[in-house]
Amino acid sequence: MSKYEFEEIEKKWRRIYEEKKLYEADADEKREKFFVTVPVMYPDGRLHTGHMYTWTRADIFARFQRMKGKNVLFPQGFHMTGGPMAGMSLRLKNGDEKAIKIMKDQGASEEDIKRFAGNPLELGLFFGKTYKSDFNLVGTSIDWRRNFILSYTEQYSKFVEWQFRKLRELGYITQGSHPVVWCPRENTSLGDHDRAEGEGESPQEFTIIKFKADNLILPAATLRPETIYGVSNLWVNENGQYKKVRFSNGEEWIVSKEFTEKLPFQKNVAEKIEDFNIADLAGKTAVNPVNNEEVPIINAEFVKTDRNTGIVMSVPMHAPFDYNYYNKKKTEIKLREPRKIIDVKTNPNLMEEAIKRFGTADEKELENATKYVYKTEFNYGILNESNGPLSGKPVKEAKEYAIALIKEKNAYDNFYETSGEVICRCGAKGLIKLVENQWFIRYSDKQLKEKTIDWIQKMDVRPEEAKAQIINAVYNMEDKAATRNGGLGTPLPWDNNWLIEPLSDSTIYMAYYTFAHIIKDMKPEEITDEMFDYILLDKKSDKKFPDNIEKMKKEFEYWYPLDLRVTAKELITNHIAFFIMTHVAIFSKDKWPRGLGINGWLTVNGKKMSKSKGNTMTIDYVVNNYGADSARLIASASNGMDDAAWDLNNINGFKQKIEFILELTEIMDSFSGERKLADEFLLSKTNYLIENSEKEYNSMKYKNSLNYSFFEFIENIKNYIDYGGNNKDTLKYVITVFSKLNHPLFPFVTEEINNALNKGELLESYQSWPEIKEEYKNEIVENEFEVLKQTISDINNLVNLINKDPKEIIIGIAGKEKFEIYNKVEEITHRSRDLKEIRKEVPSNEFVNKLLKNPKRLPNKKLDYELEKRVFIESKSKLKEMYNAEIKIEESNEDKAFPGKPMLIIK
RNA sequence: GCAGAGGUAACGAAGCGGUCAAACGUGUAAGGCUUAGGACCUUAUGGCUUAGGCCUUCGAGGGUUCAAAUCCCUCCCUCUGCACCA
């Protein structure tokens with residue numbers, strides 16, 4: 001068997017592609033275009049197979065479109081905005097051993113690491129270079145002339161400035177304060193990945209209701225201000241420390257000591273703070289500001305002074321904790337019956353029911369009861385007639401009315417807490433900081449959302465299921481804080497204190513690719529808003545622009561809109577939503593993006609592949625050891641958004657099959673037979689495979705397309721040979737089609753196969769996608785070969801049964817009349833499967849009884865008496881070879897001889 | 001909490017009203033090839049049968065239909081994403 005020398009083959013074709021500059025695409029009005037991108041990535045380490053998964057998926061589509069005759073642009077930029085690179089550089093500067101080891105493992109020298117320390121750009125440029133060579137190695141068809149680096153390329157920063165001024169002009173920028181999870185020790189926002197504990201916790205807003213006790217204010221914090229009419233008392237905890245805080249407006253608040261520490265991060269700093277003995281308040285009363293009711297202040301050890309203010313309003317009939325304590329206290333102090341203010345029709349005694357069901361033994365049980373009560377009341381509860389102006393409101397809607405009412409009484413404030421405990425990697429407890437003067441992009445804009453969702457409905461989303469998720473993401477979109485204080489990035493043009501953060505400066509940069517190779521020769525100061533208005537928005541100007549700008553406009557107008565953006569699913573709720581919305585906000589409709597391709601994670605042995613898990617393989621390792629074409633198998637590891645499992649073992653099977661095809665091309669001249677039924681079978685099948693693999697390529701379901709274009713295809717070629725096919729023209733045509741169908745997936749080796757058979761143009765460089773030939777379609781021949789296959793399997797079974805080598809095999813084909821009845825029944829089933837109906841139209845005899853025995857197994861495909869005979873006669877010599885026995889083909893009148901299932905006698 | 005996806009053989013996974021005992025892959029077993037191992041090839045792998053037959057399954061329960069893994073309802077369970085962070 002001929003050896004598959006992948007190194008040589010790949011080296012050769014890589015060189016040829018490069019010499020012909022096949023991946024460099026320019027505007028060409030005469031040709032239809034296709035523009036595909038994958039999001040930029042951070043060059044902060046070597047590329048690994050996890051990256052390769054997404055990029056190869058995009059590359060396959062790019063090559064597929066090239067073969068369909070399109071002018072394809074696939075550019076790639078890098079991203080250096082934001083924290084990660086700056087963070088790594090800083091860690092190197094601080095001599096962090098772990099960071100240094102990571103760099104060394106990825107091929108950086110001592111010298112390099114010294115350069116990276118404190119200079120994140122050097123680090124990015126270093127890995128940027130490895131990215132280019134790795135992508136080239138694996139055959140990603142990128143036009144590198146258009147590469148640029150987000151927010152490092154000065155010309156690009158001009159583009160971002162234009163984008164932001166444009167957004168502001170259009171009214172999509174606002175300024176305000178914004179709660180973020182914050183580390184008070186490191187004085188920085190605390191993202192999920194910086195946390196030792198509390199991943200996924202976020203700021204939660206509490207309403208503060210100011211109860212009055214004499215001249216003091218007792219600020220009770222609650223998530224349910226709508227229960228204000230049900231308050232029976234206030235809880236404080238005498239085990240905790242409290243303070244008296246005076247604000248500049250003269251108000252004096254009694255709050256826990258812990259609260260005073262959090263206060264400066266969200267409110268104006270207090271004028272004066274002094275100790276306060278909370279026990280002094282015990283037995284006194286406070287006034288509910290909404291209904292002026294006097295409620296007792298009671299000590300309760302369950303109150304947590306490190307959450308909120310340390311003052312809790314008690315609503316016994318609607319909060320299990322309160323209910324439980326209130327009933328206990330009732331035995332000590334004389335208390336009035338608590339008031340029930342929410343009715344749930346289906347559960348008239350909700351509280352008793354919850355207590356009975358979950359218990360009161362410990363905090364956990366009470367928490368479960370609380371969840372149950374809150375949920376039920378929220379969904380089905382109505383505020384009853386004891387709720388003053390709130391009476392009759394469903395709980396779902398009551399909150400905003402309650403807040404308005406509390407505000408009216410000058411008793412409202414608010415405070416943010418983390419939704420659960422957050423601990424920073426540094427060990428400090430996270431809290432919420434209200435960042436002031438933050439700039440936002442108004443993605444919450446209703447009209448923008450509507451326009452975007454309308455558009456997404458029309459987009460080509462692969463797989464289709466992702467569409468609902470994207471629409472949902474847009475629907476739930478809130479304003480996005482677009483700036484930050486540290487790291488790298490483009491300064492906000494009108495407020496230089498802020499840098500534009502990385503998810504906001506990367507929403508329309510795909511447009512920049514269209515002219516990146518031209519604008520890079522311009523001086524930044526030559527680049528103006530007027531110019532971008534002209535190029536991107538077709539805004540006419542009196543000014544006559546120089547040729548290079550006219551050329552940029554031409555490129556932009558030719559390539560835009562983007563036809564396909566390929567990315568992993570974790571970007572759906574942020575980047576993909578921002579990307580589409582910003583296009584809708586800024587560009588005219590004919591420039592909005594047309595297609596998306598979403599994929600899942602790549603997994604290895606059931607685990608997600610990622611650097612932090614240490615289960616990655618670098619691209620150069622895989623390519624050098626297995627070959628680029630083999631490595632590209634990775635793209636067929638899954639069909640849609642499911643996680644994709646990749647297994648190196650698949651590569652062996654792949655290579656084996658490639659060797660089989662390569663060998664066929666070498667011994668092509670030895671096939672010298674006539675055309676027979678087997679040829680008709682293979683040609684018909686080939687059509688079917690073209691049709692199906694094209695469909696799967698189109699929806700980016702590469703696992704399926706590989707099944708058709710590769711595995712099933714080869715199976716059919718093998719069957720053809722097994723059935724006695726040996727016609728050179730057929731094989732040459734079929735293997736050429738094979739090389740074409742598989743070219744997007746395996747560009748190098750298919751080019752080699754095609755080249756061995758047809759000295760002509762490169763598959764990559766002309767309209768080479770194979771056409772379906774109607775004249776080759778022959779369904780009945782395919783069916784009859786299916787019969788042959790099934791019969792061979794039956795013979796095998798029978799030979800096993802008798803457990804000796806057969807001397808003679810008699811194959812009895814059913815008579816012509818049986819075929820006629822069979823086909824007749826098949827025809828009727830298209831109209832009716834009612835056995836009575838069918839019987840009306842066919843003679844009644846033993847054969848028909850058998851045929852109609854099982855309504856589930858009625859004839860389902862057309863067969864042909866003459867063809868069935870010929871199929872067996874033409875494969876006779878092969879069968880003889882297989883079993884080393886005499887083969888007799890004859891017509892049989894026996895009951896067992898069925899159309900599509902010949903009678904078998906084995907002697 | 002909100003949203004999305006899903007529960008099919010030992011496992012991964014396809015099928016999405018009749019071609020289904022269930023493609024394809026892995027694992028397992030037997031045989032072939034090989035000095036040997038690996039790789040590769042052939043066959044088997046729900047149960048009962050053993051001349052090509054029958055029976056039972058697709059998270060659980062109910063319903064629609066001549067026909068349901070596939071459509072509808074209820075319940076149980078699993079996974080993924082949720083923003084200032086790339």
# chains A, B, ... in the order shown; residues from 1 in each chain; ligands from 1
$ closest_atom_pairs --of "chain B" --to "chain A" --cutoff "10 Å" --atoms "only C-alpha atoms (C1' of nucleotides)" --output "Markdown table"
| residue | atom | partner | partner_atom | distance |
| --- | --- | --- | --- | --- |
| B:G1 | C1' | A:Lys375 | CA | 9.7 |
| B:C2 | C1' | A:Asn476 | CA | 9.2 |
| B:A3 | C1' | A:Asn472 | CA | 7.1 |
| B:G4 | C1' | A:Gln469 | CA | 6.0 |
| B:A5 | C1' | A:Asp642 | CA | 8.5 |
| B:G6 | C1' | A:Asp642 | CA | 9.9 |
| B:G12 | C1' | A:Ala645 | CA | 8.6 |
| B:A14 | C1' | A:Asn704 | CA | 9.8 |
| B:G18 | C1' | A:Lys856 | CA | 5.9 |
| B:U19 | C1' | A:Asn860 | CA | 5.9 |
| B:C24 | C1' | A:Asn707 | CA | 8.2 |
| B:G25 | C1' | A:Asn650 | CA | 8.9 |
| B:U26 | C1' | A:Asn649 | CA | 9.8 |
| B:A39 | C1' | A:Asn652 | CA | 8.7 |
| B:C40 | C1' | A:Gln656 | CA | 8.7 |
| B:U43 | C1' | A:Asn796 | CA | 8.9 |
| B:U50 | C1' | A:Leu801 | CA | 7.5 |
| B:A51 | C1' | A:Leu798 | CA | 6.6 |
| B:G52 | C1' | A:Asp794 | CA | 6.4 |
| B:C66 | C1' | A:Asp834 | CA | 7.0 |
| B:A67 | C1' | A:Lys856 | CA | 7.6 |
| B:U80 | C1' | A:Glu570 | CA | 9.1 |
| B:G81 | C1' | A:Glu570 | CA | 6.5 |
| B:C82 | C1' | A:Thr573 | CA | 7.5 |
| B:A83 | C1' | A:Asn574 | CA | 6.6 |
| B:C84 | C1' | A:Ala481 | CA | 5.3 |
| B:C85 | C1' | A:Gly191 | CA | 5.5 |
| B:A86 | C1' | A:Pro84 | CA | 7.6 |
$ residues_around --residues "Lys409 in chain A" --least-positions-apart "2" --cutoff "12 Å" --atoms "only C-alpha atoms (C1' of nucleotides)" --output "list of chain:residue names"
A:Ile209, A:Lys210, A:Phe211, A:Lys212, A:Asn288, A:Pro289, A:Val290, A:Asn291, A:Asn292, A:Ala402, A:Ile403, A:Ala404, A:Leu405, A:Ile406, A:Lys407, A:Ala411, A:Tyr412, A:Asp413
$ residues_around --residues "Glu752 in chain A" --least-positions-apart "6" --cutoff "12 Å" --atoms "only C-alpha atoms (C1' of nucleotides)" --output "JSON, numbers by chain"
{"A": [4, 5, 6, 8, 9, 10, 11, 12, 13, 14, 16, 629, 658, 661, 662, 665, 666, 735, 736, 739, 740, 742, 743, 746, 758, 759, 760, 761, 762, 763, 764]}
$ select_by_dssp --residues "range 376-455 of chain A" --states "helix (DSSP H, G or I)" --output "ChimeraX atom specification"
/A:376-380,388-390,395-408,446-455
$ residues_around --residues "C41 in chain B" --least-positions-apart "4" --cutoff "12 Å" --atoms "only C-alpha atoms (C1' of nucleotides)" --output "ChimeraX atom specification"
/B:31-33
$ closest_residue --among "A:Leu434, A:Ile228, A:Leu677, A:Ala220" --to "Lys340 in chain A" --atoms "only C-alpha atoms"
A:Ile228
$ select_by_dssp --residues "range 492-523 of chain A" --states "strand (DSSP E)" --output "PyMOL selection string"
chain A and resi 492+495-500
